[in-house]
Amino acid sequence: MAAPLTLLLLVAVTIRAALFRSSLSELIAERVEVVSPLTAWKRVIEGLALLDLGVSPYSGDVFHETPLIIYLFHFVVDYAEITFMLADVITAVALYLAVKDYNKQVFRKQKFALEADRYPLDCLELIRSPKEMYYIPLKVAMFYLLNPFTILSCVAKSTCGLNNAVIALFILSTIKGNVLLSAIFLSLATYQSIYPLTLCAPALLYLMQRQYIPVNFRRASFWWFIVQYAFMYLGSLFVIICLSFFLLGSWDYLPSVYGFILSVPDLTPNIGLFWYFFAEMFEHFRLFFLCVFQINVFFYTIPLSIKLKEHPVFLIFMQLAVISIFKSYPTVGDIALYLAFLPVWSHLHRFLRNIFLVSCVLLACSALFPVLWHLWIYAGSANSNFYYAITLLFNVAQILLVSDYFYAFLRREHHLTYGLYLKRKDGSEATLVLK
């Protein structure tokens, strides 16, 4: 598998290098679907210019990235293109290794369950074969590297690519069972954008599963493991925040980065749900609806964790999707990360209900974004309602996609427990309904 992966990496880097040298790179860097006020490269350049002049990059209302990002590019700004391509390569390789290890564990559990006769005889066709699972890690890397969303994000030099690399390393560390590295990378991801905090639940569930610690509130081992992980996570976060203070010499970055993410003062159009709603909002209702919108990302963590406590890797996929849909400043780079996991769930295709329709809607919306933007901003023949309508449809399609995979996953698990062909008491065929 090393040769195909190497070839894939070479092709992906070549495509990016060619686009960096083309006239399209400047156009892509201005697209509101690809960059946000948080991740735009031109804002990083502004921050670097202020830093070089001895002025705090957070003194104005331009730069909203973290101090570690600006100090990273302070040293590698001349190699920015290589840095972003390297971030994509690291993400793809990390996902490849994580999925490869995860597939080995799935096959091992499946083998033990077959030997113990835990599966009904009529559902043996749902069992995954080694041949079927062999190319999945390569497909995951391909889905990430060759996804147009990822390519656009890289060519625009969106710092979202760096966030994805950190999250991918967190996923790899978690699946490998390395508790310390998992906590460190999760704290780094949280430091970057707050929302990855919700990935703490699947990480804990997976690591406890690896160490055979039961999820039981009455067991001391359960609470002791949570305390250990929380200590490593909070300790790493504390060190990173203090390091940022020592680099910058002030706490100015806290309101400028995290306050900016949570209060959403910049209503530049993007592919998210916030900008239009709060542009039309009366000021005295703003705080209430801001809390309602922000809580969406965190609200689904507990019910999903309860339902998927035996399947933490699928829970990671669900949480990544929820973050990319409901965060305040999303970009297509956020979507590319969770879409890369779709080959892992290729065995669910027989249970998906709306995949063709949803795929068509996502493709159509992706094509219509620049069209409606041009009609609104340049031609003047449309208005913000048109652009927000396509944004709303795009997010609804994402929600349908994720909920369809959630339904398919639960249905397959139900069939593996009760059989594929369900019967009523009178012997007639039964229909499975998800409630």
# chains A, B, ... in the order shown; residues from 1 in each chain; ligands from 1
>>> residues_around(residues="Leu197 in chain A", least_positions_apart="5", cutoff="8 Å", atoms="only C-alpha atoms", output="PyMOL selection string")
chain A and resi 186-187+189-190
>>> select_by_dssp(residues="range 79-275 of chain A", states="alpha helix (DSSP H)", output="PyMOL selection string")
chain A and resi 80-115+130-134+136-145+148-155+160-176+179-193+200-210+220-248+253+260-263+274-275
>>> write_last_selection(atoms="C-alpha atoms", output="CSV table (one decimal), in the first residue's frame")
chain,number,residue,atom,x,y,z
A,80,ALA,CA,3.7,29.2,3.1
A,81,GLU,CA,2.8,27.2,0.1
A,82,ILE,CA,4.9,24.2,1.2
A,83,THR,CA,3.5,24.5,4.7
A,84,PHE,CA,-0.1,24.2,3.5
A,85,MET,CA,0.7,21.3,1.2
A,86,LEU,CA,2.6,19.6,4.0
A,87,ALA,CA,-0.4,20.1,6.3
A,88,ASP,CA,-2.7,18.3,3.8
A,89,VAL,CA,-0.2,15.5,3.4
A,90,ILE,CA,0.1,15.1,7.2
A,91,THR,CA,-3.7,15.0,7.4
A,92,ALA,CA,-4.1,12.4,4.7
A,93,VAL,CA,-1.3,10.1,6.1
A,94,ALA,CA,-2.7,10.4,9.6
A,95,LEU,CA,-6.2,9.5,8.4
A,96,TYR,CA,-4.8,6.6,6.4
A,97,LEU,CA,-2.9,5.1,9.4
A,98,ALA,CA,-5.9,5.7,11.7
A,99,VAL,CA,-8.4,4.0,9.4
A,100,LYS,CA,-5.9,1.1,8.7
A,101,ASP,CA,-5.6,0.5,12.5
A,102,TYR,CA,-9.3,0.9,13.0
A,103,ASN,CA,-10.1,-1.6,10.3
A,104,LYS,CA,-7.8,-4.2,11.9
A,105,GLN,CA,-9.7,-3.8,15.2
A,106,VAL,CA,-13.1,-4.1,13.5
A,107,PHE,CA,-12.0,-7.3,11.7
A,108,ARG,CA,-10.7,-8.7,15.0
A,109,LYS,CA,-14.0,-8.0,16.8
A,110,GLN,CA,-16.0,-9.4,13.9
A,111,LYS,CA,-13.9,-12.6,13.9
A,112,PHE,CA,-14.4,-13.1,17.7
A,113,ALA,CA,-18.2,-12.5,17.3
A,114,LEU,CA,-18.4,-15.0,14.4
A,115,GLU,CA,-16.5,-17.6,16.5
A,130,PRO,CA,-10.7,-8.4,4.5
A,131,LYS,CA,-10.7,-7.8,0.7
A,132,GLU,CA,-13.5,-5.3,1.0
A,133,MET,CA,-11.7,-3.4,3.8
A,134,TYR,CA,-8.2,-3.5,2.3
A,136,ILE,CA,-10.5,1.7,2.5
A,137,PRO,CA,-7.5,3.5,4.1
A,138,LEU,CA,-6.2,4.5,0.6
A,139,LYS,CA,-9.7,5.6,-0.4
A,140,VAL,CA,-9.9,7.8,2.7
A,141,ALA,CA,-6.6,9.5,1.9
A,142,MET,CA,-7.8,9.9,-1.7
A,143,PHE,CA,-11.2,11.4,-0.6
A,144,TYR,CA,-9.3,14.0,1.4
A,145,LEU,CA,-6.4,14.9,-0.9
A,148,PRO,CA,-12.0,19.9,-4.6
A,149,PHE,CA,-12.9,21.4,-1.3
A,150,THR,CA,-9.5,20.4,0.2
A,151,ILE,CA,-7.6,21.6,-2.9
A,152,LEU,CA,-9.4,25.0,-2.9
A,153,SER,CA,-8.7,25.4,0.8
A,154,CYS,CA,-5.0,24.6,0.4
A,155,VAL,CA,-4.6,26.9,-2.7
A,160,CYS,CA,-8.4,25.5,8.2
A,161,GLY,CA,-5.9,23.1,6.7
A,162,LEU,CA,-3.7,23.4,9.7
A,163,ASN,CA,-6.7,22.8,12.0
A,164,ASN,CA,-7.6,19.7,10.0
A,165,ALA,CA,-4.0,18.3,10.4
A,166,VAL,CA,-4.2,18.7,14.2
A,167,ILE,CA,-7.6,17.0,14.4
A,168,ALA,CA,-6.3,14.2,12.1
A,169,LEU,CA,-3.3,13.7,14.4
A,170,PHE,CA,-5.7,13.6,17.4
A,171,ILE,CA,-7.8,10.9,15.7
A,172,LEU,CA,-4.6,8.9,14.9
A,173,SER,CA,-3.4,9.2,18.5
A,174,THR,CA,-6.8,8.1,19.9
A,175,ILE,CA,-7.1,5.1,17.6
A,176,LYS,CA,-3.6,4.0,18.4
A,179,VAL,CA,-3.8,8.7,25.8
A,180,LEU,CA,-1.2,11.5,26.3
A,181,LEU,CA,-0.8,12.4,22.6
A,182,SER,CA,-4.6,12.2,22.2
A,183,ALA,CA,-5.1,14.8,25.1
A,184,ILE,CA,-2.3,17.0,23.7
A,185,PHE,CA,-3.6,17.1,20.1
A,186,LEU,CA,-7.2,17.6,21.4
A,187,SER,CA,-6.1,20.5,23.5
A,188,LEU,CA,-4.3,22.0,20.5
A,189,ALA,CA,-7.4,21.6,18.3
A,190,THR,CA,-9.5,23.2,21.1
A,191,TYR,CA,-7.0,26.0,21.4
A,192,GLN,CA,-7.4,26.7,17.7
A,193,SER,CA,-11.2,26.9,17.5
A,200,CYS,CA,-13.5,14.7,24.1
A,201,ALA,CA,-16.5,12.3,24.5
A,202,PRO,CA,-15.7,9.9,21.7
A,203,ALA,CA,-12.0,10.0,22.6
A,204,LEU,CA,-12.8,9.0,26.2
A,205,LEU,CA,-15.2,6.2,25.0
A,206,TYR,CA,-12.7,4.8,22.6
A,207,LEU,CA,-9.7,4.9,25.0
A,208,MET,CA,-11.8,3.2,27.7
A,209,GLN,CA,-12.9,0.6,25.2
A,210,ARG,CA,-9.2,0.0,24.3
A,220,ALA,CA,-14.0,3.8,40.3
A,221,SER,CA,-11.9,2.9,37.3
A,222,PHE,CA,-14.3,4.9,35.0
A,223,TRP,CA,-14.0,8.1,37.0
A,224,TRP,CA,-10.2,7.6,37.6
A,225,PHE,CA,-9.6,7.4,33.8
A,226,ILE,CA,-11.7,10.5,33.2
A,227,VAL,CA,-9.8,12.4,35.8
A,228,GLN,CA,-6.5,11.3,34.2
A,229,TYR,CA,-7.5,12.3,30.7
A,230,ALA,CA,-9.0,15.6,31.9
A,231,PHE,CA,-5.7,16.4,33.8
A,232,MET,CA,-3.6,15.7,30.7
A,233,TYR,CA,-6.0,17.7,28.5
A,234,LEU,CA,-6.4,20.7,30.7
A,235,GLY,CA,-2.7,20.7,31.6
A,236,SER,CA,-1.8,20.7,27.9
A,237,LEU,CA,-4.3,23.5,27.2
A,238,PHE,CA,-3.0,25.5,30.1
A,239,VAL,CA,0.6,25.2,28.8
A,240,ILE,CA,-0.4,26.2,25.3
A,241,ILE,CA,-2.4,29.3,26.6
A,242,CYS,CA,0.5,30.3,28.8
A,243,LEU,CA,3.0,29.9,25.9
A,244,SER,CA,0.8,32.1,23.8
A,245,PHE,CA,0.9,34.7,26.6
A,246,PHE,CA,4.7,34.6,26.8
A,247,LEU,CA,5.0,34.9,23.1
A,248,LEU,CA,2.6,37.9,22.8
A,253,TYR,CA,-5.7,37.3,21.9
A,260,PHE,CA,-14.7,36.6,18.0
A,261,ILE,CA,-15.7,33.0,17.5
A,262,LEU,CA,-18.5,33.0,20.1
A,263,SER,CA,-19.9,36.5,19.6
A,274,PHE,CA,-25.1,32.6,11.3
A,275,TRP,CA,-24.3,35.6,9.0
>>> residues_around(residues="range 265-271 of chain A", least_positions_apart="2", cutoff="8 Å", atoms="only C-alpha atoms", output="short mmCIF file (atom, residue, chain, number, x, y, z; two decimals) with N, CA and C atoms, in the first residue's frame")
data_model
loop_
_atom_site.label_atom_id
_atom_site.label_comp_id
_atom_site.auth_asym_id
_atom_site.auth_seq_id
_atom_site.Cartn_x
_atom_site.Cartn_y
_atom_site.Cartn_z
N VAL A 32 -15.55 33.48 -0.50
CA VAL A 32 -16.08 33.43 0.86
C VAL A 32 -16.43 32.00 1.28
N GLU A 33 -16.58 31.10 0.30
CA GLU A 33 -16.85 29.70 0.64
C GLU A 33 -15.58 29.00 1.13
N SER A 36 -12.63 32.33 5.62
CA SER A 36 -13.52 33.07 6.53
C SER A 36 -12.70 34.16 7.22
N PRO A 37 -13.34 35.05 7.96
CA PRO A 37 -12.57 36.06 8.70
C PRO A 37 -11.56 35.47 9.67
N PHE A 260 -14.30 36.43 19.43
CA PHE A 260 -14.72 36.60 18.03
C PHE A 260 -15.51 35.39 17.55
N SER A 263 -18.97 35.38 19.72
CA SER A 263 -19.90 36.51 19.60
C SER A 263 -20.27 36.85 18.16
N LEU A 273 -24.64 29.25 8.88
CA LEU A 273 -26.03 29.64 9.15
C LEU A 273 -26.14 30.95 9.91
N PHE A 274 -25.02 31.47 10.40
CA PHE A 274 -25.06 32.62 11.31
C PHE A 274 -25.25 33.96 10.61
N TRP A 275 -24.47 34.22 9.55
CA TRP A 275 -24.29 35.59 9.05
C TRP A 275 -25.59 36.28 8.67
N TYR A 276 -26.45 35.62 7.90
CA TYR A 276 -27.68 36.26 7.42
C TYR A 276 -28.65 36.49 8.58
N PHE A 278 -28.11 36.88 11.78
CA PHE A 278 -27.73 37.95 12.71
C PHE A 278 -27.62 39.30 12.03
N ALA A 279 -27.52 39.32 10.71
CA ALA A 279 -27.58 40.60 9.99
C ALA A 279 -28.99 41.18 10.05
N TYR A 329 -18.08 30.16 11.81
CA TYR A 329 -17.40 30.57 10.57
C TYR A 329 -16.90 29.33 9.82
N PRO A 330 -17.81 28.56 9.23
CA PRO A 330 -17.38 27.34 8.51
C PRO A 330 -16.83 27.66 7.13
N THR A 331 -16.00 26.76 6.62
CA THR A 331 -15.51 26.83 5.24
C THR A 331 -15.59 25.44 4.64
N VAL A 332 -15.34 25.35 3.34
CA VAL A 332 -15.41 24.05 2.67
C VAL A 332 -14.33 23.10 3.19
N THR A 391 -27.18 28.68 0.61
CA THR A 391 -26.42 28.29 1.80
C THR A 391 -27.27 27.39 2.70
N PHE A 394 -27.67 24.01 1.15
CA PHE A 394 -26.41 23.27 1.28
C PHE A 394 -26.29 22.64 2.66
N ASN A 395 -26.65 23.40 3.69
CA ASN A 395 -26.56 22.88 5.05
C ASN A 395 -27.64 21.83 5.35
#
>>> atom_distance(atom1="CA of Ser346 in chain A", atom2="CA of Pro303 in chain A")
24.5 Å
>>> closest_residue(among="A:Thr301, A:Ser56, A:Ser256, A:Asn385", to="Ile316 in chain A", atoms="only C-alpha atoms")
A:Thr301
>>> atom_distance(atom1="CA of Leu9 in chain A", atom2="CA of Ala364 in chain A")
28.4 Å
